[in-house]
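Chemist: Can you keep this structure in mind? I'll have questions shortly.
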Amino acid sequence: MRWWTGFLLTYITSVLASPTKRAISSNAQLDYLGGEVVTGPVNVYLIFYGSWDLANETHHVQDYMTFFNNIGSSNWFDTLKLYRSNSGNSVTGPLYLQPSVIDNFSAGKSLQGNSSHIAIIEQAINHGQISQGNVDKNGLYFIIASDDVEDQSGFCTSWCSYNSWSEELLYAFIGNPNRCPQQCIPSLIRDKSPNNDPALDSIVNMMAHELQELLTDPWGDAYRIQSNNATSAQGEEAGDMCAPPHVSSADWFQFVHRDEQGAAYNFGLAGKNYLLQAVYNPMTKTCEMHA
């Protein structure tokens, strides 16, 4: 589902102590509709779309790659392994980051939603830049936009990132939160973030949100929130269970600590600190986060 922060008001700022795992309830209901989850090894492809300057932004690219290289072996990811289909398949991982590509505006600076995003991915595939020139049936494709890319389909007004599918592709589009920080950067890290870049840290959390939904509801017929819930929008998925309005803004991020510079974080990965939302556990029906 589309990730959006525009309605959020307050966030926790205190340090949360033990226990090492916290579970809180969501006010929504996640239904299993009978479809498949993504099982087995998963290849992740990143397309950096727009004016990415590797000479000056290498740390951005490296941080996004570090996240995907390591998240599959974390306690955070372990909760996703509890998602199973009727056929007996479950989310298993591991995740394998594949060679990535920079696309300097092949579809222009003003995109038009799904059709533009699919065209960007297909061009990279058809030109042999990613997935060896063929659609990877075990692949997830992430487009990460630079801050000079806009999207006319609702970016900054109704969503910050989203995931979807075409006949062959599973993909996510991550808008750059620098275009609308009030809407797409959580206030907890808007002024100061653990990696000294609020947009970077927000993008990592967006990637985590879309990753869990791509794995647990790849084709829109597996794990989804009841659309008749008073607080639910059409097409919401597992990642939305643990984000407002389905949990309080205080429970969106659990186990929040402050580093020496006062930046908020709750998750460590490969020597880096991040602020990630909790993951919905379909067995206990709670949102869980490991400290």
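Quick note on naming: the chains in the structure tokens go A, B, ... in the order shown, residues restart at 1 in each chain, and ligands are numbered from 1 in order of appearance.
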Identify, on the basis of only C-alpha atoms, every residue whose closest approach to stretch 64-68 of chain A does not exceed 8 Å; exclude the query and any residue fewer than 5 positions from it along the same chain; express the result as a list in words.
Modeler: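 My list of contacting residues is Val44, Leu95, Tyr96, Leu97, Val204, Leu269 and Ala270 of chain A.
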Chemist: Would you pick out the contacts of A:Ile24 at 8 Å or less, using only C-alpha atoms, so that residues sharing its chain but fewer than 6 positions from it are not included, and give the list as a PyMOL selection string?
Modeler: chain A and resi 251+286-288
Chemist: Hey, which of A:Lys81, A:Gln226, A:Gly72, A:Asp53 ends up closest to A:Asp147? Count only C-alpha atoms.
Modeler: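 So, comparing all the options, the nearest one is A:Asp53.
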Chemist: When you count only C-alpha atoms, which of these residues is closest to A:Lys285: A:Asp148, A:Cys242, A:Asn43, A:Ser164?
Modeler: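 Once distances to A:Lys285 are computed over only C-alpha atoms, the minimum belongs to A:Cys242.
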Chemist: Could you give me the residues within stretch 68-171 of chain A that DSSP places in strand (DSSP E), as a list in words?
Modeler: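 So the strand (DSSP E) residues in stretch 68-171 of chain A would be Leu95, Tyr96, Leu97, Val101, Ile102, Asp103, Ser110, Leu111, Gly139, Leu140, Tyr141, Phe142, Ile143, Ile144, Ala145, Glu150, Asp151, Ser161, Tyr162, Asn163, Ser164, Trp165, Leu170 and Tyr171 of chain A.
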Chemist: Please identify which residues in stretch 28-274 of chain A DSSP calls helix (DSSP H, G or I) from the backbone, and express them as a ChimeraX atom specification.
Modeler: /A:54-73,75-82,114-126,131-133,177-179,181-184,187-189,198-216,238-241,249-252
Chemist: List the spatial neighbours of A:Gly239 as a list of chain:residue names - criterion: any atom at most 9 Å away, only C-alpha atoms, same-chain residues fewer than 5 positions off excluded.
Modeler: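 The residues that qualify are A:Met1, A:Trp3, A:Ala208, A:His209, A:Glu210, A:Leu211, A:Gln212, A:Glu213, A:Gln277, A:Ala278, A:Val279, A:Tyr280.
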Chemist: Compile the contact shell of stretch 118-133 of chain A as number ranges by chain: residues with an atom at most 7 Å away, counting only C-alpha atoms, same-chain residues fewer than 4 positions apart removed.
Modeler: A: 99-101, 106-107, 114
Chemist: Per residue of stretch 176-216 of chain A within 8 Å of stretch 29-38 of chain A, note the shortest atom pair and the distance in Å to one decimal, counting only C-alpha atoms, and order the rows by chain and increasing residue number, as CSV.
Modeler:
residue,atom,partner,partner_atom,distance
A:Leu214,CA,A:Val38,CA,7.7
A:Leu215,CA,A:Val38,CA,4.9
A:Thr216,CA,A:Val37,CA,4.9
Chemist: Could those residues be written to a file, using N, CA and C atoms, as a PDB file, in the first residue's frame?
Modeler:
ATOM      1  N   LEU A 214       5.481  -6.220  -0.343  1.00  0.00           N
ATOM      2  CA  LEU A 214       5.758  -6.971  -1.564  1.00  0.00           C
ATOM      3  C   LEU A 214       5.908  -8.460  -1.274  1.00  0.00           C
ATOM      4  N   LEU A 215       6.494  -8.788  -0.139  1.00  0.00           N
ATOM      5  CA  LEU A 215       6.725 -10.192   0.193  1.00  0.00           C
ATOM      6  C   LEU A 215       5.454 -10.897   0.664  1.00  0.00           C
ATOM      7  N   THR A 216       4.566 -10.169   1.341  1.00  0.00           N
ATOM      8  CA  THR A 216       3.390 -10.814   1.939  1.00  0.00           C
ATOM      9  C   THR A 216       2.122 -10.643   1.116  1.00  0.00           C
TER      10      THR A 216
END
Chemist: What is the distance between atom CA of A:His60 and atom CA of A:Lys192, in Å to one decimal?
Modeler: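 So the two atoms, atom CA of A:His60 and atom CA of A:Lys192, lie 16.2 Å apart.
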Chemist: Would you kindly return, as number ranges by chain, each protein, DNA or RNA residue with an atom no farther than 12 Å from any atom of stretch 151-157 of chain A, considering only C-alpha atoms and excluding same-chain residues fewer than 4 positions away?
Modeler: A: 2-7, 107-117, 145-147, 161-162, 173-185
